[in-house]
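K.L.:
My file is model-v1.cif. It has mmCIF, C-alpha atoms and all ligand atoms:
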```cif
data_my_file
#
loop_
_atom_site.label_atom_id
_atom_site.label_comp_id
_atom_site.auth_asym_id
_atom_site.auth_seq_id
_atom_site.Cartn_x
_atom_site.Cartn_y
_atom_site.Cartn_z
CA MET A 1036 96.01 83.84 86.08
CA ALA A 1037 92.60 85.51 86.05
CA ALA A 1038 91.42 83.25 83.25
CA ARG A 1039 92.26 80.12 85.16
CA LYS A 1040 89.25 78.60 86.81
CA LYS A 1041 89.55 78.56 90.57
CA LYS A 1042 89.10 75.29 92.33
CA ASN A 1043 86.79 75.72 95.27
CA ILE A 1044 88.58 75.57 98.55
CA VAL A 1045 87.12 75.19 102.00
CA TYR A 1046 88.15 77.97 104.34
CA PRO A 1047 88.70 77.17 108.00
CA ALA A 1048 85.97 78.90 110.03
CA LEU A 1049 86.58 81.21 112.97
CA GLY A 1050 84.37 81.09 116.04
CA GLN A 1051 81.83 83.80 116.73
CA GLY A 1052 83.44 87.19 117.29
CA VAL A 1053 86.94 85.92 116.47
CA ARG A 1054 88.75 87.96 113.86
CA LEU A 1055 92.09 88.06 112.06
CA ILE A 1056 94.28 90.95 110.98
CA ASP A 1057 96.34 90.72 107.79
CA THR A 1058 99.28 92.78 109.01
CA HIS A 1059 101.05 93.00 105.66
CA CYS A 1060 99.47 93.15 102.23
CA HIS A 1061 100.07 95.24 99.12
CA LEU A 1062 96.50 96.19 98.25
CA ASP A 1063 97.68 98.88 95.85
CA MET A 1064 99.27 96.43 93.44
CA ASP A 1065 97.86 95.82 89.97
CA HIS A 1066 97.04 92.21 90.88
CA TYR A 1067 94.04 93.52 92.84
CA HIS A 1068 92.96 96.17 90.44
CA GLU A 1069 90.16 94.31 88.70
CA ASP A 1070 88.33 92.80 91.64
CA PHE A 1071 89.36 94.95 94.59
CA THR A 1072 85.87 95.07 96.12
CA GLU A 1073 85.49 91.30 95.93
CA ILE A 1074 88.86 90.85 97.64
CA ILE A 1075 87.83 93.06 100.54
CA ASP A 1076 84.37 91.47 100.77
CA ARG A 1077 85.85 87.97 100.78
CA ALA A 1078 88.29 88.95 103.53
CA ARG A 1079 85.45 90.30 105.69
CA LYS A 1080 83.27 87.30 105.01
CA HIS A 1081 85.99 85.01 106.36
CA GLY A 1082 86.75 87.19 109.39
CA VAL A 1083 89.84 89.05 108.18
CA ASP A 1084 88.38 92.43 109.01
CA ARG A 1085 91.48 94.58 109.27
CA ILE A 1086 94.33 94.85 106.79
CA ILE A 1087 97.52 96.88 106.85
CA THR A 1088 98.47 97.84 103.32
CA VAL A 1089 102.15 98.52 103.02
CA GLY A 1090 103.94 101.14 100.93
CA ILE A 1091 107.16 100.42 99.08
CA ASP A 1092 107.92 103.93 97.85
CA LEU A 1093 106.43 107.42 98.09
CA ALA A 1094 103.72 106.82 95.49
CA SER A 1095 102.54 103.52 96.96
CA SER A 1096 102.64 105.01 100.46
CA ARG A 1097 100.27 107.71 99.25
CA THR A 1098 98.03 105.07 97.69
CA ALA A 1099 98.10 103.06 100.92
CA ILE A 1100 96.72 106.06 102.78
CA ARG A 1101 94.05 106.65 100.17
CA LEU A 1102 92.96 102.99 100.36
CA ALA A 1103 92.84 103.26 104.14
CA GLU A 1104 90.67 106.37 103.87
CA GLU A 1105 88.31 104.71 101.43
CA ASN A 1106 88.00 101.31 103.12
CA PRO A 1107 87.07 100.98 106.78
CA GLY A 1108 89.33 98.43 108.46
CA VAL A 1109 92.27 99.19 106.17
CA PHE A 1110 95.32 100.93 107.65
CA ALA A 1111 98.55 102.13 106.06
CA ALA A 1112 102.27 101.62 106.54
CA ILE A 1113 104.54 104.05 104.73
CA GLY A 1114 108.20 103.86 103.78
CA ILE A 1115 110.70 103.01 101.08
CA HIS A 1116 111.47 99.36 100.37
CA PRO A 1117 115.14 98.36 99.94
CA HIS A 1118 114.41 97.61 96.28
CA ASN A 1119 113.55 101.26 95.74
CA VAL A 1120 115.97 103.20 97.92
CA GLY A 1121 118.35 103.77 95.00
CA ASN A 1122 115.88 106.27 93.54
CA SER A 1123 114.86 108.02 96.73
CA ALA A 1124 115.95 111.50 97.71
CA ASP A 1125 115.73 113.81 100.73
CA ASN A 1126 112.51 115.22 99.41
CA ASP A 1127 110.83 111.77 99.57
CA TYR A 1128 111.61 111.55 103.26
CA ARG A 1129 110.24 115.03 103.90
CA GLN A 1130 107.02 113.99 102.20
CA LEU A 1131 106.81 110.70 104.07
CA GLN A 1132 107.26 112.63 107.28
CA ALA A 1133 104.29 114.82 106.37
CA LEU A 1134 102.18 111.78 105.39
CA ALA A 1135 102.83 110.19 108.78
CA ASP A 1136 100.54 112.79 110.38
CA ASN A 1137 97.57 110.87 109.02
CA PRO A 1138 96.04 108.84 111.88
CA LEU A 1139 95.50 105.89 109.52
CA VAL A 1140 99.28 105.50 109.24
CA VAL A 1141 100.04 102.84 111.84
CA ALA A 1142 103.61 101.83 110.98
CA TYR A 1143 106.77 102.85 109.19
CA GLY A 1144 107.81 100.42 106.46
CA GLU A 1145 108.50 98.39 104.73
CA ILE A 1146 112.15 99.15 105.09
CA GLY A 1147 115.17 96.91 105.43
CA LEU A 1148 117.73 95.01 103.44
CA ASP A 1149 117.35 92.65 100.52
CA PHE A 1150 120.60 90.93 99.64
CA HIS A 1151 118.82 88.36 97.51
CA TYR A 1152 117.97 90.74 94.69
CA ASN A 1153 120.34 93.62 95.52
CA TYR A 1154 118.38 96.02 93.32
CA ALA A 1155 120.19 98.81 95.13
CA PRO A 1156 123.87 98.51 96.13
CA VAL A 1157 124.43 97.12 99.62
CA GLU A 1158 125.89 100.36 101.00
CA VAL A 1159 122.95 102.36 99.68
CA GLN A 1160 120.49 99.92 101.26
CA ILE A 1161 122.28 100.14 104.59
CA GLU A 1162 122.39 103.91 104.52
CA HIS A 1163 118.67 104.25 103.78
CA PHE A 1164 117.62 101.55 106.22
CA THR A 1165 119.53 103.27 109.02
CA ARG A 1166 118.10 106.62 108.07
CA GLN A 1167 114.54 105.31 108.00
CA VAL A 1168 114.89 103.59 111.36
CA GLU A 1169 115.74 107.00 112.79
CA LEU A 1170 112.86 108.65 110.96
CA ALA A 1171 110.45 106.04 112.35
CA ARG A 1172 111.80 106.72 115.80
CA GLN A 1173 111.13 110.46 115.42
CA LEU A 1174 107.67 109.73 114.12
CA GLU A 1175 107.04 107.28 116.98
CA LEU A 1176 105.85 104.55 114.64
CA PRO A 1177 106.56 100.82 114.91
CA LEU A 1178 108.86 99.41 112.20
CA VAL A 1179 107.92 96.97 109.46
CA VAL A 1180 111.22 95.37 108.48
CA HIS A 1181 111.92 93.49 105.26
CA ASP A 1182 114.87 91.13 105.58
CA ARG A 1183 115.85 88.83 102.76
CA ASP A 1184 119.16 87.03 103.10
CA ALA A 1185 120.37 89.78 105.40
CA HIS A 1186 119.54 88.50 108.90
CA ARG A 1187 122.81 89.44 110.55
CA GLU A 1188 123.08 92.88 108.98
CA VAL A 1189 119.46 93.75 109.80
CA LEU A 1190 119.97 92.66 113.37
CA ASP A 1191 123.23 94.65 113.66
CA ILE A 1192 121.57 97.82 112.43
CA LEU A 1193 118.54 97.45 114.69
CA THR A 1194 120.69 96.62 117.69
CA GLY A 1195 123.06 99.47 116.91
CA ALA A 1196 120.14 101.89 116.69
CA GLY A 1197 119.45 101.35 120.37
CA PRO A 1198 116.16 100.65 122.12
CA PHE A 1199 113.13 101.13 119.94
CA PRO A 1200 110.20 101.72 122.28
CA MET A 1201 107.52 101.52 119.60
CA GLY A 1202 108.65 98.03 118.65
CA GLY A 1203 108.45 96.51 115.24
CA VAL A 1204 108.04 93.40 113.21
CA MET A 1205 110.26 91.23 111.10
CA HIS A 1206 107.77 90.81 108.29
CA CYS A 1207 107.58 87.63 106.21
CA PHE A 1208 109.83 86.02 108.76
CA SER A 1209 112.22 83.60 107.07
CA GLY A 1210 114.84 82.79 109.68
CA ASP A 1211 115.53 79.81 111.89
CA SER A 1212 114.93 79.33 115.63
CA ASP A 1213 118.12 81.17 116.62
CA PHE A 1214 117.24 84.19 114.55
CA ALA A 1215 113.69 84.08 115.90
CA ARG A 1216 115.06 84.21 119.42
CA ALA A 1217 117.28 87.17 118.52
CA VAL A 1218 114.27 89.02 117.10
CA VAL A 1219 112.29 88.33 120.27
CA ASP A 1220 115.23 89.51 122.41
CA LEU A 1221 115.26 92.71 120.43
CA GLY A 1222 111.66 93.26 121.52
CA PHE A 1223 110.29 92.74 118.03
CA HIS A 1224 107.49 90.58 116.69
CA LEU A 1225 107.66 87.94 113.95
CA SER A 1226 105.10 88.10 111.18
CA ILE A 1227 104.44 84.65 109.78
CA PRO A 1228 103.61 84.36 106.06
CA GLY A 1229 101.84 81.65 104.06
CA VAL A 1230 105.22 80.03 103.44
CA VAL A 1231 104.72 78.27 106.79
CA THR A 1232 102.15 76.01 105.10
CA PHE A 1233 104.65 74.75 102.52
CA LYS A 1234 105.91 71.19 102.86
CA LYS A 1235 109.56 72.20 102.74
CA ALA A 1236 109.25 74.95 105.36
CA ALA A 1237 110.56 72.77 108.20
CA VAL A 1238 113.01 75.39 109.47
CA LEU A 1239 110.36 78.10 109.62
CA GLN A 1240 107.89 75.70 111.21
CA GLU A 1241 110.43 74.85 113.89
CA ALA A 1242 111.02 78.55 114.54
CA VAL A 1243 107.26 79.12 114.93
CA ARG A 1244 107.04 76.28 117.43
CA GLY A 1245 109.74 77.90 119.56
CA VAL A 1246 108.51 81.50 119.60
CA PRO A 1247 106.10 82.65 122.32
CA LEU A 1248 102.64 83.17 120.84
CA GLU A 1249 102.57 86.75 122.17
CA ARG A 1250 105.32 87.66 119.69
CA ILE A 1251 103.59 86.27 116.62
CA ILE A 1252 101.44 88.14 114.14
CA LEU A 1253 100.20 86.95 110.74
CA GLU A 1254 100.39 88.28 107.22
CA THR A 1255 99.67 87.35 103.65
CA ASP A 1256 102.28 89.59 101.95
CA GLY A 1257 99.70 89.47 99.16
CA PRO A 1258 99.65 89.30 96.23
CA PHE A 1259 102.73 87.11 96.77
CA LEU A 1260 103.34 83.82 98.59
CA ALA A 1261 99.86 82.34 98.78
CA PRO A 1262 99.59 79.55 101.35
CA GLU A 1263 98.56 76.01 100.57
CA PRO A 1264 96.09 75.13 99.09
CA ARG A 1265 96.56 78.13 96.80
CA ARG A 1266 100.32 78.02 96.52
CA GLY A 1267 101.56 79.62 93.31
CA ARG A 1268 98.37 81.63 92.76
CA ARG A 1269 97.56 85.18 93.72
CA ASN A 1270 97.49 85.67 97.46
CA GLU A 1271 94.80 87.74 99.20
CA PRO A 1272 93.78 88.58 102.76
CA ALA A 1273 91.06 85.88 103.08
CA LEU A 1274 93.73 83.21 102.60
CA LEU A 1275 95.24 84.27 105.94
CA LEU A 1276 92.92 81.67 107.48
CA PHE A 1277 95.14 78.90 106.14
CA THR A 1278 98.26 80.44 107.64
CA ALA A 1279 96.50 80.85 110.98
CA GLN A 1280 95.37 77.25 110.86
CA LYS A 1281 98.92 76.02 110.22
CA VAL A 1282 100.32 78.11 113.08
CA ALA A 1283 97.62 76.66 115.35
CA GLU A 1284 98.60 73.14 114.30
CA LEU A 1285 102.30 73.85 114.97
CA LYS A 1286 101.49 75.30 118.37
CA GLY A 1287 99.04 72.54 119.30
CA LEU A 1288 96.31 75.15 119.81
CA ASP A 1289 92.85 75.84 118.42
CA LEU A 1290 92.52 78.10 115.43
CA ASP A 1291 90.45 80.51 117.53
CA GLU A 1292 93.13 80.78 120.20
CA VAL A 1293 95.77 81.63 117.62
CA ALA A 1294 93.45 84.06 115.84
CA ALA A 1295 92.51 85.86 119.07
CA ALA A 1296 96.10 86.05 120.29
CA THR A 1297 97.67 87.21 117.04
CA THR A 1298 94.89 89.78 116.58
CA ALA A 1299 95.49 91.14 120.08
CA ASN A 1300 99.24 91.25 119.40
CA ALA A 1301 98.74 93.20 116.18
CA GLU A 1302 96.26 95.60 117.82
CA LYS A 1303 98.82 96.34 120.48
CA LEU A 1304 101.86 96.66 118.21
CA PHE A 1305 100.12 98.90 115.68
CA ARG A 1306 97.85 100.60 118.23
CA LEU A 1307 94.84 99.80 116.09
CA PRO A 1308 91.49 101.14 117.06
CA ARG A 1309 89.07 98.48 118.21
CA ARG A 1310 86.39 97.45 115.82
CA GLN A 1311 83.09 99.17 116.37
CA GLY A 1312 80.35 96.59 116.70
CA ASN A 1313 80.05 94.53 113.58
CA GLY A 1314 81.35 97.17 111.21
CA LEU A 1315 84.82 97.60 109.98
ZN ZN A 1401 108.92 92.55 102.17
ZN ZN A 1402 105.73 93.52 101.49
#
```
In structure tokens, write the structure found in this file.
Ligand SMILES: [Zn+2]
Ligand SMILES: [Zn+2]

P.N.:
Amino acid sequence: MAARKKKNIVYPALGQGVRLIDTHCHLDMDHYHEDFTEIIDRARKHGVDRIITVGIDLASSRTAIRLAEENPGVFAAIGIHPHNVGNSADNDYRQLQALADNPLVVAYGEIGLDFHYNYAPVEVQIEHFTRQVELARQLELPLVVHDRDAHREVLDILTGAGPFPMGGVMHCFSGDSDFARAVVDLGFHLSIPGVVTFKKAAVLQEAVRGVPLERIILETDGPFLAPEPRRGRRNEPALLLFTAQKVAELKGLDLDEVAAATTANAEKLFRLPRRQGNGL
């Protein structure tokens, strides 16, 4: 992919002082290894000045914290992804608990259920998801939930866990309007990925139209799921502009309104410190 020449694309421009937050990206992945600094610079240049990098196991949670420490404007989420729960032990959770003391850790996740791949058996996924919801509650961190082909089960577990005052987000939201409403009723946010720009994403687009803007945040889920016009290529935080633009179009609002609102929503959910002046 690196060898392929990039076609120039025109990024939508944000108004003065308007910024975006990429609430879900995997900055630790190999895909970013070679040109990490350029990726961060390009994000800043286009107004994506805060990024939450999300752990999928103990090692990547540690890396997420290190990246947050090294890069102003980067924050960490820690947890064990449903793909990886089969290999996780009590000791991993003790260590995650200790890592959560770091003030740059702003969320617990990503955790959840993935019945599409089923890398871990269903019962194991359910057991670890439930356990991590409780751990997040103890740690008083909002949840970052991964749900693939498991809408009902995820909802059952979250509902069964009782009120979750710190809130959370259904990341890379992929449900329909009914599921969106259920997520909102639960008190959670929906994080909208680049998929919303795809031609065949009518169901997701309809869900976005129906959800109150105050419950929407935006993500790349980079390096995966790049929005149009970069579909199929590596995703990165700067491309969040295209997702924001599509959400604005669906909502009949200006890009700046959607950017300002989703940024405020993410600041509140993840209790992010305000930017200081121009710096990250
Ligand atoms: Zn995920
Ligand atoms: Zn992810």

K.L.:
Residues within 12 Å of ligand ZN 1402 (chain A), counting all atoms listed in the file: report them as a count of residues only.

P.N.:
47

K.L.:
First collect every listed atom of stretch 1253-1258 of chain A; then fit an axis-aligned box around them, widen it by 5 Å on each side, and give centre and edge lengths in Å to one decimal, as AutoDock Vina command-line options.

P.N.:
```
--center_x 101.0 --center_y 88.3 --center_z 103.5 --size_x 12.6 --size_y 12.6 --size_z 24.5
```

K.L.:
Smallest atom-to-atom distance to A:Gly1287: which of A:Ala1273, A:Ala1215, A:Leu1248, A:Ala1048, using all atoms listed in the file?

P.N.:
A:Leu1248

K.L.:
What's the separation between atom CA of A:His1224 and atom CA of A:Arg1250, in Å to one decimal place?

P.N.:
4.7 Å

K.L.:
If we count only C-alpha atoms, what is near stretch 1100-1109 of chain A at a cut-off of 6 Å, once residues fewer than 2 positions away on the same chain are taken out, given as number ranges by chain?

P.N.:
A: 1085-1087, 1097-1098, 1111, 1315

K.L.:
Please dump the current selection as a PDB file, in the coordinates of the input; keep C-alpha atoms.

P.N.:
```pdb
ATOM      1  CA  ARG A1085      91.480  94.580 109.270  1.00  0.00           C
ATOM      2  CA  ILE A1086      94.330  94.850 106.790  1.00  0.00           C
ATOM      3  CA  ILE A1087      97.520  96.880 106.850  1.00  0.00           C
ATOM      4  CA  ARG A1097     100.270 107.710  99.250  1.00  0.00           C
ATOM      5  CA  THR A1098      98.030 105.070  97.690  1.00  0.00           C
ATOM      6  CA  ALA A1111      98.550 102.130 106.060  1.00  0.00           C
ATOM      7  CA  LEU A1315      84.820  97.600 109.980  1.00  0.00           C
TER       8      LEU A1315
END
```

K.L.:
Rounded to one decimal place, report the atom CA of A:Phe1199-atom CA of A:Ala1155 distance in Å.

P.N.:
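A separation of 25.9 Å between them.
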
K.L.:
Taking all atoms listed in the file into account, name the residue in A:Asn1137, A:Ser1209, A:Thr1232, A:Thr1278 that is nearest to ligand ZN 1401 (chain A).

P.N.:
A:Ser1209

K.L.:
Atom CA of A:Phe1305 and atom CA of A:Asn1126, how far apart in Å?

P.N.:
26.2 Å
